[in-house]
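A.B. asks: Take a look at start.txt, compact mmCIF, C-alpha atoms:
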```
# COMPACT_ATOMS: atom_id res chain seq x y z
CA MET A 1 0.00 0.00 0.00
CA PRO A 2 1.29 3.49 -0.75
CA ALA A 3 2.44 5.52 2.22
CA ALA A 4 0.01 8.14 3.55
CA THR A 5 0.71 11.73 2.51
CA ARG A 6 2.56 13.60 5.25
CA SER A 7 0.34 16.24 6.89
CA ALA A 8 1.42 19.89 6.85
CA TRP A 9 0.39 20.04 10.50
CA CYS A 10 3.44 17.96 11.37
CA ASP A 11 5.48 21.12 10.74
CA VAL A 12 3.44 23.28 13.11
CA PRO A 13 4.84 23.57 16.68
CA ARG A 14 2.68 21.77 19.26
CA LEU A 15 2.24 24.91 21.39
CA GLN A 16 1.04 26.86 18.40
CA VAL A 17 -1.49 24.14 17.56
CA LYS A 18 -2.79 24.08 21.14
CA GLN A 19 -3.23 27.85 21.12
CA PHE A 20 -5.12 27.67 17.84
CA ALA A 21 -7.44 24.96 19.16
CA ALA A 22 -8.10 26.82 22.42
CA LEU A 23 -8.93 30.10 20.68
CA ALA A 24 -11.17 28.31 18.17
CA MET A 25 -13.12 26.61 20.98
CA GLU A 26 -13.45 29.91 22.81
CA GLU A 27 -14.72 31.53 19.63
CA ALA A 28 -17.25 28.75 18.87
CA PRO A 29 -20.31 30.19 20.69
CA ARG A 30 -19.86 33.66 19.16
CA LEU A 31 -19.20 32.18 15.75
CA ALA A 32 -22.34 30.04 16.02
CA GLN A 33 -24.42 33.08 16.92
CA ASP A 34 -22.98 35.08 14.03
CA ILE A 35 -23.69 32.26 11.58
CA PHE A 36 -27.21 31.88 12.94
CA ASP A 37 -27.86 35.64 12.60
CA GLU A 38 -26.51 35.69 9.04
CA ILE A 39 -28.69 32.73 8.06
CA ARG A 40 -31.71 34.51 9.53
CA ARG A 41 -30.90 37.55 7.39
CA GLU A 42 -30.44 35.50 4.23
CA PHE A 43 -33.46 33.26 4.91
CA PRO A 44 -35.96 35.45 6.82
CA HIS A 45 -38.81 32.96 6.37
CA LEU A 46 -36.92 30.14 8.05
CA PRO A 47 -39.25 28.74 10.76
CA LEU A 48 -37.76 28.73 14.25
CA VAL A 49 -38.05 25.58 16.35
CA HIS A 50 -36.92 25.76 19.99
CA ASP A 51 -35.59 23.05 22.25
CA ALA A 52 -36.80 22.34 25.78
CA SER A 53 -34.74 25.23 27.17
CA GLY A 54 -36.22 27.70 24.69
CA GLU A 55 -33.05 28.02 22.60
CA PRO A 56 -33.43 27.87 18.79
CA LEU A 57 -32.69 24.33 17.66
CA ALA A 58 -30.81 25.67 14.63
CA LEU A 59 -28.45 27.66 16.85
CA VAL A 60 -27.83 24.59 19.02
CA GLY A 61 -27.03 22.53 15.94
CA ILE A 62 -24.62 25.12 14.54
CA ARG A 63 -22.79 25.43 17.86
CA ARG A 64 -22.49 21.66 18.26
CA ALA A 65 -21.20 21.31 14.72
CA ILE A 66 -18.53 23.96 15.27
CA GLU A 67 -17.51 22.54 18.66
CA GLY A 68 -17.39 19.02 17.19
CA PHE A 69 -15.07 20.15 14.43
CA VAL A 70 -12.90 22.32 16.66
CA ARG A 71 -12.61 19.51 19.20
CA ARG A 72 -10.77 17.56 16.57
CA LEU A 73 -8.10 20.22 16.60
CA THR A 74 -7.02 18.78 19.95
CA ASP A 75 -6.10 15.62 18.01
CA VAL A 76 -3.76 17.78 15.98
CA SER A 77 -1.85 18.83 19.08
CA ALA A 78 -1.39 15.17 20.06
CA THR A 79 -0.66 13.62 16.66
CA GLY A 80 0.51 16.48 14.49
CA LYS A 81 -2.05 15.43 11.86
CA ALA A 82 -4.78 17.46 10.24
CA PRO A 83 -8.29 17.23 11.77
CA ALA A 84 -9.85 13.93 10.71
CA PRO A 85 -13.01 14.28 8.60
CA ASP A 86 -14.53 11.02 9.79
CA GLY A 87 -16.82 10.53 12.80
CA GLN A 88 -20.51 11.30 13.28
CA PRO A 89 -21.69 14.92 12.97
CA PRO A 90 -24.35 16.05 15.44
CA ARG A 91 -27.55 14.06 14.94
CA VAL A 92 -29.55 17.28 15.21
CA PHE A 93 -28.85 17.72 11.50
CA GLN A 94 -31.00 14.66 10.85
CA GLU A 95 -33.82 16.56 12.50
CA PHE A 96 -33.22 19.48 10.18
CA GLY A 97 -33.58 17.13 7.22
CA ARG A 98 -36.75 15.60 8.68
CA GLY A 99 -38.20 19.08 9.17
CA GLN A 100 -37.62 19.98 5.52
CA SER A 101 -39.44 16.83 4.40
CA VAL A 102 -42.35 17.18 6.83
CA HIS A 103 -42.99 20.77 5.69
CA GLY A 104 -42.75 19.87 2.02
CA ARG A 105 -39.54 21.77 1.33
CA SER A 106 -36.53 20.59 -0.64
CA LEU A 107 -33.01 20.22 0.75
CA ASP A 108 -31.67 22.95 -1.54
CA SER A 109 -32.23 25.79 0.92
CA LEU A 110 -30.84 23.71 3.79
CA GLN A 111 -27.64 22.96 1.89
CA ALA A 112 -27.33 26.66 1.00
CA MET A 113 -27.47 27.46 4.72
CA TYR A 114 -24.76 24.89 5.44
CA ARG A 115 -22.49 26.36 2.76
CA LEU A 116 -23.04 29.84 4.16
CA GLY A 117 -22.15 28.60 7.65
CA VAL A 118 -18.96 26.88 6.48
CA LYS A 119 -17.91 29.98 4.56
CA LEU A 120 -18.32 32.20 7.63
CA ALA A 121 -16.62 29.62 9.88
CA TRP A 122 -13.65 29.36 7.53
CA ARG A 123 -13.20 33.14 7.50
CA ARG A 124 -13.09 33.20 11.29
CA LEU A 125 -10.67 30.27 11.54
CA ALA A 126 -8.52 31.78 8.81
CA ASP A 127 -8.28 34.99 10.86
CA LEU A 128 -7.19 32.98 13.90
CA GLY A 129 -4.63 31.13 11.82
CA GLN A 130 -3.21 34.38 10.52
CA ARG A 131 -2.97 35.86 14.02
CA LEU A 132 -1.10 32.79 15.28
CA ARG A 133 0.96 32.52 12.08
CA ILE A 134 -0.23 29.00 11.21
CA PRO A 135 1.49 28.09 7.92
CA PRO A 136 -0.79 28.30 4.83
CA PRO A 137 -0.41 24.58 3.90
CA ALA A 138 -1.79 23.59 7.30
CA MET A 139 -4.72 25.98 6.91
CA TYR A 140 -5.46 24.57 3.45
CA GLU A 141 -5.72 21.12 5.02
CA LEU A 142 -8.02 22.57 7.65
CA ALA A 143 -10.27 24.04 4.94
CA GLU A 144 -10.45 20.67 3.16
CA ALA A 145 -11.36 18.95 6.42
CA GLY A 146 -14.05 21.56 7.00
CA TYR A 147 -15.72 20.90 3.69
CA GLU A 148 -15.54 17.15 4.24
CA TYR A 149 -17.18 17.76 7.59
CA LEU A 150 -19.87 19.70 5.72
CA ASP A 151 -20.47 16.62 3.57
CA GLY A 152 -21.14 14.67 6.76
CA LEU A 153 -23.70 17.26 7.89
CA VAL A 154 -25.42 17.06 4.54
CA ASP A 155 -25.44 13.25 4.70
CA GLN A 156 -27.13 13.40 8.09
CA SER A 157 -29.78 15.77 6.75
CA VAL A 158 -30.34 13.66 3.65
CA ARG A 159 -30.81 10.61 5.86
CA GLY A 160 -33.33 12.40 8.02
CA TYR A 161 -35.11 13.75 4.95
CA ALA A 162 -35.35 10.29 3.37
CA GLU A 163 -36.60 8.69 6.60
CA ALA A 164 -39.30 11.32 7.02
CA ALA A 165 -40.30 11.09 3.36
CA ALA A 166 -40.60 7.30 3.65
CA ARG A 167 -42.74 7.62 6.78
CA GLN A 168 -44.92 10.23 5.12
CA ALA A 169 -45.34 8.08 2.02
CA GLY A 170 -46.24 5.07 4.14
CA GLU A 171 -48.70 7.09 6.20
CA ARG A 172 -50.28 8.54 3.08
CA LEU A 173 -50.69 5.09 1.57
CA ARG A 174 -52.31 3.89 4.80
CA LEU A 175 -54.74 6.84 4.78
CA GLU A 176 -55.45 6.34 1.07
CA ARG A 177 -56.37 2.71 1.70
CA LYS A 178 -58.67 3.72 4.57
CA LEU A 179 -60.33 6.27 2.30
CA MET A 180 -60.78 3.64 -0.43
CA ASP A 181 -62.15 1.13 2.09
CA LEU A 182 -64.71 3.70 3.21
CA MET A 183 -65.86 4.25 -0.37
CA LEU A 184 -65.79 0.63 -1.45
CA GLU A 185 -67.07 -1.24 1.60
CA GLY A 186 -70.71 -0.96 0.50
CA ARG A 187 -73.86 0.22 2.22
CA THR A 188 -73.98 -2.46 4.93
CA ALA A 189 -70.99 -1.07 6.80
CA ALA A 190 -71.38 2.58 5.78
CA PRO A 191 -71.29 5.27 8.50
CA PRO A 192 -74.48 7.23 9.37
CA ASP A 193 -73.35 10.21 7.25
CA PRO A 194 -71.18 8.75 4.46
CA VAL A 195 -70.66 12.08 2.69
CA LYS A 196 -69.35 13.76 5.83
CA ALA A 197 -67.12 10.79 6.72
CA LEU A 198 -65.77 10.69 3.17
CA THR A 199 -65.02 14.41 3.14
CA GLU A 200 -63.23 14.28 6.50
CA ARG A 201 -61.09 11.29 5.55
CA ALA A 202 -60.24 12.77 2.13
CA ALA A 203 -59.13 16.02 3.78
CA ARG A 204 -56.47 14.13 5.76
CA ILE A 205 -54.54 13.44 2.56
CA GLY A 206 -55.52 16.61 0.74
CA TRP A 207 -57.71 14.75 -1.77
CA PRO A 208 -60.48 17.00 -3.14
CA VAL A 209 -63.68 14.95 -3.25
CA PRO A 210 -64.79 14.98 -6.91
CA GLU A 211 -68.34 14.96 -8.22
CA ARG A 212 -67.87 11.58 -9.90
CA VAL A 213 -65.47 8.65 -9.54
CA ALA A 214 -64.87 5.43 -11.42
CA VAL A 215 -63.43 2.37 -9.69
CA GLY A 216 -61.04 0.06 -11.47
CA VAL A 217 -59.89 -3.51 -10.85
CA LEU A 218 -56.52 -4.48 -12.33
CA VAL A 219 -55.00 -7.84 -13.20
CA ARG A 220 -51.24 -7.91 -12.60
CA PRO A 221 -49.16 -8.62 -15.72
CA ALA A 222 -46.62 -10.25 -13.38
CA ARG A 223 -46.42 -10.95 -9.65
CA ASP A 224 -43.67 -8.37 -9.17
CA ALA A 225 -45.17 -5.76 -11.50
CA VAL A 226 -44.33 -2.16 -10.59
CA ALA A 227 -47.29 0.03 -9.68
CA PRO A 228 -48.58 1.97 -12.70
CA ALA A 229 -47.87 5.72 -12.70
CA VAL A 230 -51.53 6.76 -12.65
CA GLY A 231 -50.92 10.20 -11.12
CA PRO A 232 -51.13 11.59 -7.57
CA ASP A 233 -54.87 12.29 -7.61
CA VAL A 234 -55.79 8.70 -8.54
CA LEU A 235 -56.12 6.51 -5.44
CA LEU A 236 -54.31 3.21 -5.91
CA ASP A 237 -54.22 0.20 -3.60
CA MET A 238 -51.56 -2.33 -4.62
CA GLU A 239 -51.88 -4.40 -1.42
CA THR A 240 -54.78 -6.51 -2.65
CA GLU A 241 -54.42 -9.52 -4.95
CA ARG A 242 -56.08 -7.48 -7.67
CA PRO A 243 -55.04 -3.84 -7.33
CA ARG A 244 -57.87 -1.35 -7.16
CA LEU A 245 -57.95 2.29 -8.16
CA VAL A 246 -60.37 5.17 -7.72
CA VAL A 247 -60.28 7.62 -10.61
CA PRO A 248 -61.63 11.12 -9.86
CA ASP A 249 -63.61 12.84 -12.63
CA PRO A 250 -62.97 9.99 -15.11
CA ASP A 251 -64.47 11.92 -18.04
CA ALA A 252 -62.38 15.06 -17.49
CA ALA A 253 -60.40 16.32 -20.47
CA GLY A 254 -57.25 14.27 -20.99
CA ARG A 255 -58.00 11.78 -18.22
CA PRO A 256 -58.77 8.77 -20.48
CA ASP A 257 -55.54 9.26 -22.45
CA LEU A 258 -53.46 9.60 -19.28
CA LEU A 259 -54.95 6.41 -17.86
CA ARG A 260 -54.46 4.53 -21.10
CA ARG A 261 -50.76 5.41 -21.19
CA ALA A 262 -50.24 4.72 -17.48
CA LEU A 263 -51.95 1.32 -17.68
CA THR A 264 -50.16 0.08 -20.79
CA GLY A 265 -49.31 -3.60 -20.26
CA TRP A 266 -52.00 -4.06 -17.60
CA SER A 267 -55.44 -5.59 -18.00
CA GLY A 268 -58.61 -5.16 -16.01
CA ALA A 269 -61.73 -3.02 -16.03
CA ILE A 270 -62.89 0.41 -14.93
CA GLY A 271 -66.47 0.68 -13.72
CA PRO A 272 -69.01 3.35 -14.68
CA PRO A 273 -68.78 6.87 -13.18
CA VAL A 274 -70.81 7.30 -10.00
CA ALA A 275 -71.04 9.71 -7.07
CA PRO A 276 -68.24 9.00 -4.54
CA PRO A 277 -70.59 7.56 -1.87
CA ALA A 278 -71.77 5.02 -4.49
CA ALA A 279 -68.25 3.92 -5.48
CA ALA A 280 -69.01 0.35 -4.38
CA LYS A 281 -71.45 0.06 -7.30
CA SER A 282 -68.75 1.01 -9.79
CA LEU A 283 -66.47 -1.56 -8.16
CA ARG A 284 -69.06 -4.33 -8.56
CA TRP A 285 -69.38 -3.67 -12.29
CA ALA A 286 -65.60 -3.64 -12.70
CA GLU A 287 -65.34 -6.96 -10.86
CA SER A 288 -68.09 -8.42 -13.05
CA ALA A 289 -66.24 -7.28 -16.18
CA VAL A 290 -63.00 -8.90 -15.00
CA ALA A 291 -64.90 -12.14 -14.35
CA LEU A 292 -66.22 -12.06 -17.93
CA MET A 293 -62.70 -11.37 -19.20
CA GLU A 294 -61.44 -14.47 -17.44
CA ARG A 295 -64.15 -16.51 -19.18
CA GLY A 296 -63.07 -15.15 -22.56
CA LEU A 297 -66.32 -13.22 -23.05
CA LEU A 298 -64.63 -9.80 -23.01
CA PRO A 299 -61.20 -8.69 -24.30
CA ALA A 300 -58.59 -9.77 -21.77
CA ASP A 301 -55.48 -7.92 -22.98
CA GLU A 302 -56.39 -4.37 -21.99
CA VAL A 303 -58.01 -2.23 -19.32
CA LEU A 304 -61.53 -1.86 -20.67
CA HIS A 305 -64.24 0.58 -19.64
CA CYS A 306 -67.52 -0.94 -18.54
CA THR A 307 -69.48 1.86 -20.23
CA GLU A 308 -68.19 0.57 -23.59
CA HIS A 309 -69.43 -2.99 -22.87
CA THR A 310 -72.79 -2.29 -21.27
CA GLN A 311 -74.72 -4.83 -23.35
CA ALA A 312 -72.39 -7.68 -22.44
CA LEU A 313 -72.41 -6.77 -18.76
CA VAL A 314 -76.19 -6.46 -18.60
CA LEU A 315 -76.90 -9.64 -20.54
CA LEU A 316 -74.14 -11.91 -19.29
CA GLN A 317 -73.65 -10.87 -15.69
CA PRO A 318 -76.97 -12.31 -14.29
CA GLU A 319 -76.05 -15.67 -15.80
CA GLU A 320 -78.51 -17.94 -13.96
CA LEU A 321 -81.51 -15.73 -14.73
CA VAL A 322 -80.59 -15.39 -18.40
CA ASP A 323 -80.03 -19.15 -18.68
CA ASP A 324 -83.43 -19.85 -17.20
CA LEU A 325 -85.10 -17.36 -19.54
CA THR A 326 -83.19 -18.86 -22.48
CA ARG A 327 -84.46 -22.37 -21.73
CA ARG A 328 -88.06 -21.18 -21.63
CA ALA A 329 -87.94 -18.72 -24.53
CA LEU A 330 -86.09 -21.04 -26.91
CA ALA A 331 -87.84 -24.24 -25.89
CA PRO A 332 -89.39 -24.71 -29.40
CA LEU A 333 -85.89 -25.15 -30.85
CA THR A 334 -85.45 -28.38 -28.90
CA GLN A 335 -87.56 -30.04 -31.60
CA CYS A 336 -84.76 -29.37 -34.14
CA GLY A 337 -81.27 -30.74 -34.50
CA PRO A 338 -78.36 -28.65 -33.10
CA THR A 339 -77.17 -27.29 -36.46
CA HIS A 340 -80.62 -26.44 -37.76
CA ALA A 341 -81.61 -24.94 -34.39
CA ARG A 342 -78.58 -22.65 -34.54
CA ARG A 343 -79.47 -21.48 -38.06
CA LEU A 344 -83.06 -20.80 -37.04
CA ALA A 345 -81.88 -18.88 -33.97
CA GLU A 346 -79.54 -16.72 -36.09
CA THR A 347 -82.33 -16.06 -38.58
CA LEU A 348 -84.78 -15.17 -35.80
CA LEU A 349 -82.32 -12.72 -34.24
CA ALA A 350 -81.56 -11.08 -37.60
CA TRP A 351 -85.29 -10.72 -38.24
CA LEU A 352 -85.93 -9.21 -34.79
CA GLU A 353 -83.03 -6.77 -35.18
CA THR A 354 -83.81 -5.63 -38.73
CA ARG A 355 -87.62 -5.70 -38.46
CA GLY A 356 -87.39 -6.19 -42.22
CA GLY A 357 -88.39 -8.70 -44.82
CA ALA A 358 -86.57 -11.65 -46.31
CA PRO A 359 -84.16 -9.55 -48.48
CA GLU A 360 -82.90 -7.50 -45.49
CA VAL A 361 -82.48 -10.59 -43.31
CA ALA A 362 -80.80 -12.49 -46.14
CA ALA A 363 -78.32 -9.64 -46.67
CA ARG A 364 -77.50 -9.66 -42.98
CA LEU A 365 -76.97 -13.43 -42.88
CA GLY A 366 -75.31 -13.76 -46.29
CA VAL A 367 -77.81 -16.34 -47.57
CA HIS A 368 -80.45 -16.45 -50.31
CA PRO A 369 -83.79 -14.70 -49.56
CA GLN A 370 -85.65 -17.90 -50.37
CA THR A 371 -83.69 -19.66 -47.60
CA VAL A 372 -84.76 -16.94 -45.18
CA ARG A 373 -88.42 -17.29 -46.20
CA TYR A 374 -88.25 -21.02 -45.57
CA ARG A 375 -86.71 -20.50 -42.12
CA LEU A 376 -89.19 -17.76 -41.18
CA ARG A 377 -92.09 -20.10 -42.04
CA GLN A 378 -90.55 -22.69 -39.71
CA ILE A 379 -90.14 -20.09 -36.96
CA ARG A 380 -93.84 -19.19 -37.20
CA GLU A 381 -94.75 -22.86 -37.05
CA LEU A 382 -92.59 -23.36 -33.91
CA TRP A 383 -93.68 -20.24 -31.97
CA GLY A 384 -97.02 -19.49 -33.55
CA PRO A 385 -98.60 -16.09 -32.87
CA GLU A 386 -96.22 -15.52 -29.92
CA VAL A 387 -93.60 -14.06 -32.29
CA ASP A 388 -95.95 -11.11 -32.87
CA ASP A 389 -96.33 -10.35 -29.16
CA PRO A 390 -94.06 -7.37 -28.20
CA ASP A 391 -93.10 -8.81 -24.80
CA ARG A 392 -92.31 -12.22 -26.30
CA ARG A 393 -90.26 -10.65 -29.08
CA PHE A 394 -88.30 -8.65 -26.50
CA GLU A 395 -87.51 -11.80 -24.51
CA LEU A 396 -86.43 -13.64 -27.62
CA GLU A 397 -84.13 -10.83 -28.76
CA LEU A 398 -82.63 -10.54 -25.28
CA VAL A 399 -81.74 -14.22 -24.93
CA LEU A 400 -80.52 -14.50 -28.52
CA ARG A 401 -78.24 -11.47 -28.07
CA ALA A 402 -76.89 -13.08 -24.91
CA ARG A 403 -76.13 -16.29 -26.83
CA ARG A 404 -74.36 -14.29 -29.51
CA LEU A 405 -72.24 -12.48 -26.90
CA ARG A 406 -71.26 -15.90 -25.55
CA GLY A 407 -70.16 -16.98 -29.01
CA GLU A 408 -72.97 -19.50 -29.35
CA LEU A 409 -74.38 -17.72 -32.43
CA GLY A 410 -72.62 -16.17 -35.40
CA ALA A 411 -72.08 -12.44 -35.54
```
Please go through the file and, once you have read it, give me the structure as structure tokens.
C.D. replies:
Amino acid sequence: MPAATRSAWCDVPRLQVKQFAALAMEEAPRLAQDIFDEIRREFPHLPLVHDASGEPLALVGIRRAIEGFVRRLTDVSATGKAPAPDGQPPRVFQEFGRGQSVHGRSLDSLQAMYRLGVKLAWRRLADLGQRLRIPPPAMYELAEAGYEYLDGLVDQSVRGYAEAAARQAGERLRLERKLMDLMLEGRTAAPPDPVKALTERAARIGWPVPERVAVGVLVRPARDAVAPAVGPDVLLDMETERPRLVVPDPDAAGRPDLLRRALTGWSGAIGPPVAPPAAAKSLRWAESAVALMERGLLPADEVLHCTEHTQALVLLQPEELVDDLTRRALAPLTQCGPTHARRLAETLLAWLETRGGAPEVAARLGVHPQTVRYRLRQIRELWGPEVDDPDRRFELELVLRARRLRGELGA
């Protein structure tokens, strides 16, 4: 290993070093006060926090930092080496960093204050060095050690800032989940005044309660998928197996495009817009849409909007009721073979939808009009006058549309 560079302080007489250290320690309280006053002039809006004795916490921190650095000068008198830059700066600087984070300020102003303090401290120490005739090389080393010490103060503040930011983020996520739970838990567990409770809980995280919300249910593209960047005003809960999100004002200008870009690579469904106290209804529709996606009845490779698939959700979601109605309404088709029954069902649906004659139905089905006339005669034989009853026709069209949505009839 290369030999360590010889310190310029080795050439300074021990007595001279001791005098310098003693004067610097004596000067520390005055220097701290001067630095504090200068910072107050440069940053007049700096909030003052006092300790238990009533002394400004910033002044205490500055004084401790100076004394901690000057105390290392005593090591110089014993070893003849420059003040070591290592060691722990006063932990009060962590509190300064935490304060900046808690009050939503950046570390830029705090670092500017630190640089101002080091500049003033160096001027004062340089004056002492000149009075005691400390050689310039030794003072240069002292200046370097001072700025390294400054780096330690900044590190402490950054650590405190990061810890506070992490706690704030965790607390905000906790409050967001509580707000979402309140909106999505349904009427059975709702508080006596849901609007008031919702407003109070939203105010805790600074979330303006919108007029309308839409609730989404997401399907993870991978188990370790990173949360989508949906924006700060969209509530997102990634703790559930299927992440949920509450989108404020879903129809606002630009909102659909922002969501589409943020949710690229994800799949799922976003329910219809509702008033915030009715968010549980939007959630139920989104969950129903995801269930249909898993059955292959809705597109499964995107985040779809329930309002664009209303027919499928209305006709396919109450499956047992639709199945029962289908059995009763299409009972006459049981007299036919499967293939012929399917063709008759497709012809009946085309006729009900077009309300036209054989040419219009034939054009829709891509068959000859004479074929349609033959099938329509069979349909009248199977159902009789019921096909002219408005209520019966409505039932038939409903169940046939449901079968088509399920892929049981041709498009």
A.B. asks: Using all atoms listed in the file, which protein or nucleic acid residues come within 12 Å of Ala222 (chain A)? Drop anything in the same chain fewer than 6 positions from it, and give the result as a list in words.
C.D. replies: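 My list of contacting residues is Glu241, Arg242, Gly265, Trp266 and Ser267 of chain A.
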A.B. asks: Using all atoms listed in the file, find the one residue out of A:Gly97, A:Val158, A:Ala269, A:Pro390 that sits nearest to Glu294 (chain A).
C.D. replies: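 Closest to Glu294 (chain A), using all atoms listed in the file: A:Ala269.
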A.B. asks: Report the centre and edge lengths, in Å to one decimal, of an axis-aligned box enclosing every atom of region 155-172 of chain A listed in the file, padded by 8 Å on each side, as JSON.
C.D. replies:
```
{"center_x": -37.9, "center_y": 10.4, "center_z": 5.1, "size_x": 40.8, "size_y": 26.7, "size_z": 22.1}
```
A.B. asks: Might you pull out every residue within 9 Å of Tyr114 (chain A), with all atoms listed in the file counted and same-chain residues fewer than 3 positions away left off, and present them as a PyMOL selection string?
C.D. replies: chain A and resi 109-111+117-119+150+153-154
A.B. asks: Calculate how many Å separate CA of Ala126 (chain A) from CA of Ala24 (chain A), rounding to one decimal.
C.D. replies: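 So the answer is 10.3 Å.
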A.B. asks: Could you pull region 15-29 of chain A out of the block above and give me N, CA, C and O atoms, as a PDB file, in the first residue's frame?
C.D. replies:
```pdb
ATOM      1  N   LEU A  15       2.799  23.807  20.595  1.00  0.00           N
ATOM      2  CA  LEU A  15       2.242  24.908  21.387  1.00  0.00           C
ATOM      3  C   LEU A  15       1.353  25.794  20.527  1.00  0.00           C
ATOM      4  O   LEU A  15       0.262  26.216  20.940  1.00  0.00           O
ATOM      5  N   GLN A  16       1.791  26.014  19.320  1.00  0.00           N
ATOM      6  CA  GLN A  16       1.038  26.855  18.404  1.00  0.00           C
ATOM      7  C   GLN A  16      -0.309  26.192  18.034  1.00  0.00           C
ATOM      8  O   GLN A  16      -1.344  26.854  17.954  1.00  0.00           O
ATOM      9  N   VAL A  17      -0.268  24.870  17.870  1.00  0.00           N
ATOM     10  CA  VAL A  17      -1.491  24.138  17.557  1.00  0.00           C
ATOM     11  C   VAL A  17      -2.467  24.193  18.730  1.00  0.00           C
ATOM     12  O   VAL A  17      -3.664  24.405  18.565  1.00  0.00           O
ATOM     13  N   LYS A  18      -1.926  24.031  19.959  1.00  0.00           N
ATOM     14  CA  LYS A  18      -2.792  24.079  21.141  1.00  0.00           C
ATOM     15  C   LYS A  18      -3.440  25.454  21.286  1.00  0.00           C
ATOM     16  O   LYS A  18      -4.611  25.565  21.642  1.00  0.00           O
ATOM     17  N   GLN A  19      -2.671  26.502  21.032  1.00  0.00           N
ATOM     18  CA  GLN A  19      -3.232  27.853  21.122  1.00  0.00           C
ATOM     19  C   GLN A  19      -4.354  28.054  20.096  1.00  0.00           C
ATOM     20  O   GLN A  19      -5.397  28.636  20.393  1.00  0.00           O
ATOM     21  N   PHE A  20      -4.110  27.540  18.897  1.00  0.00           N
ATOM     22  CA  PHE A  20      -5.125  27.675  17.840  1.00  0.00           C
ATOM     23  C   PHE A  20      -6.412  26.948  18.241  1.00  0.00           C
ATOM     24  O   PHE A  20      -7.523  27.484  18.106  1.00  0.00           O
ATOM     25  N   ALA A  21      -6.271  25.735  18.766  1.00  0.00           N
ATOM     26  CA  ALA A  21      -7.442  24.959  19.160  1.00  0.00           C
ATOM     27  C   ALA A  21      -8.191  25.634  20.302  1.00  0.00           C
ATOM     28  O   ALA A  21      -9.425  25.678  20.316  1.00  0.00           O
ATOM     29  N   ALA A  22      -7.465  26.163  21.273  1.00  0.00           N
ATOM     30  CA  ALA A  22      -8.099  26.816  22.418  1.00  0.00           C
ATOM     31  C   ALA A  22      -8.867  28.061  21.989  1.00  0.00           C
ATOM     32  O   ALA A  22     -10.012  28.296  22.423  1.00  0.00           O
ATOM     33  N   LEU A  23      -8.251  28.888  21.145  1.00  0.00           N
ATOM     34  CA  LEU A  23      -8.928  30.103  20.681  1.00  0.00           C
ATOM     35  C   LEU A  23     -10.160  29.759  19.837  1.00  0.00           C
ATOM     36  O   LEU A  23     -11.186  30.432  19.927  1.00  0.00           O
ATOM     37  N   ALA A  24     -10.034  28.710  19.007  1.00  0.00           N
ATOM     38  CA  ALA A  24     -11.168  28.313  18.168  1.00  0.00           C
ATOM     39  C   ALA A  24     -12.336  27.841  19.034  1.00  0.00           C
ATOM     40  O   ALA A  24     -13.493  28.180  18.763  1.00  0.00           O
ATOM     41  N   MET A  25     -12.049  27.072  20.091  1.00  0.00           N
ATOM     42  CA  MET A  25     -13.115  26.609  20.976  1.00  0.00           C
ATOM     43  C   MET A  25     -13.740  27.778  21.728  1.00  0.00           C
ATOM     44  O   MET A  25     -14.961  27.824  21.926  1.00  0.00           O
ATOM     45  N   GLU A  26     -12.937  28.726  22.126  1.00  0.00           N
ATOM     46  CA  GLU A  26     -13.455  29.913  22.812  1.00  0.00           C
ATOM     47  C   GLU A  26     -14.345  30.737  21.888  1.00  0.00           C
ATOM     48  O   GLU A  26     -15.325  31.352  22.324  1.00  0.00           O
ATOM     49  N   GLU A  27     -13.994  30.736  20.622  1.00  0.00           N
ATOM     50  CA  GLU A  27     -14.725  31.534  19.634  1.00  0.00           C
ATOM     51  C   GLU A  27     -16.015  30.841  19.171  1.00  0.00           C
ATOM     52  O   GLU A  27     -16.905  31.481  18.598  1.00  0.00           O
ATOM     53  N   ALA A  28     -16.141  29.530  19.422  1.00  0.00           N
ATOM     54  CA  ALA A  28     -17.251  28.747  18.869  1.00  0.00           C
ATOM     55  C   ALA A  28     -18.634  29.315  19.181  1.00  0.00           C
ATOM     56  O   ALA A  28     -19.460  29.451  18.263  1.00  0.00           O
ATOM     57  N   PRO A  29     -18.965  29.671  20.433  1.00  0.00           N
ATOM     58  CA  PRO A  29     -20.313  30.193  20.693  1.00  0.00           C
ATOM     59  C   PRO A  29     -20.609  31.487  19.929  1.00  0.00           C
ATOM     60  O   PRO A  29     -21.710  31.642  19.380  1.00  0.00           O
TER      61      PRO A  29
END
```
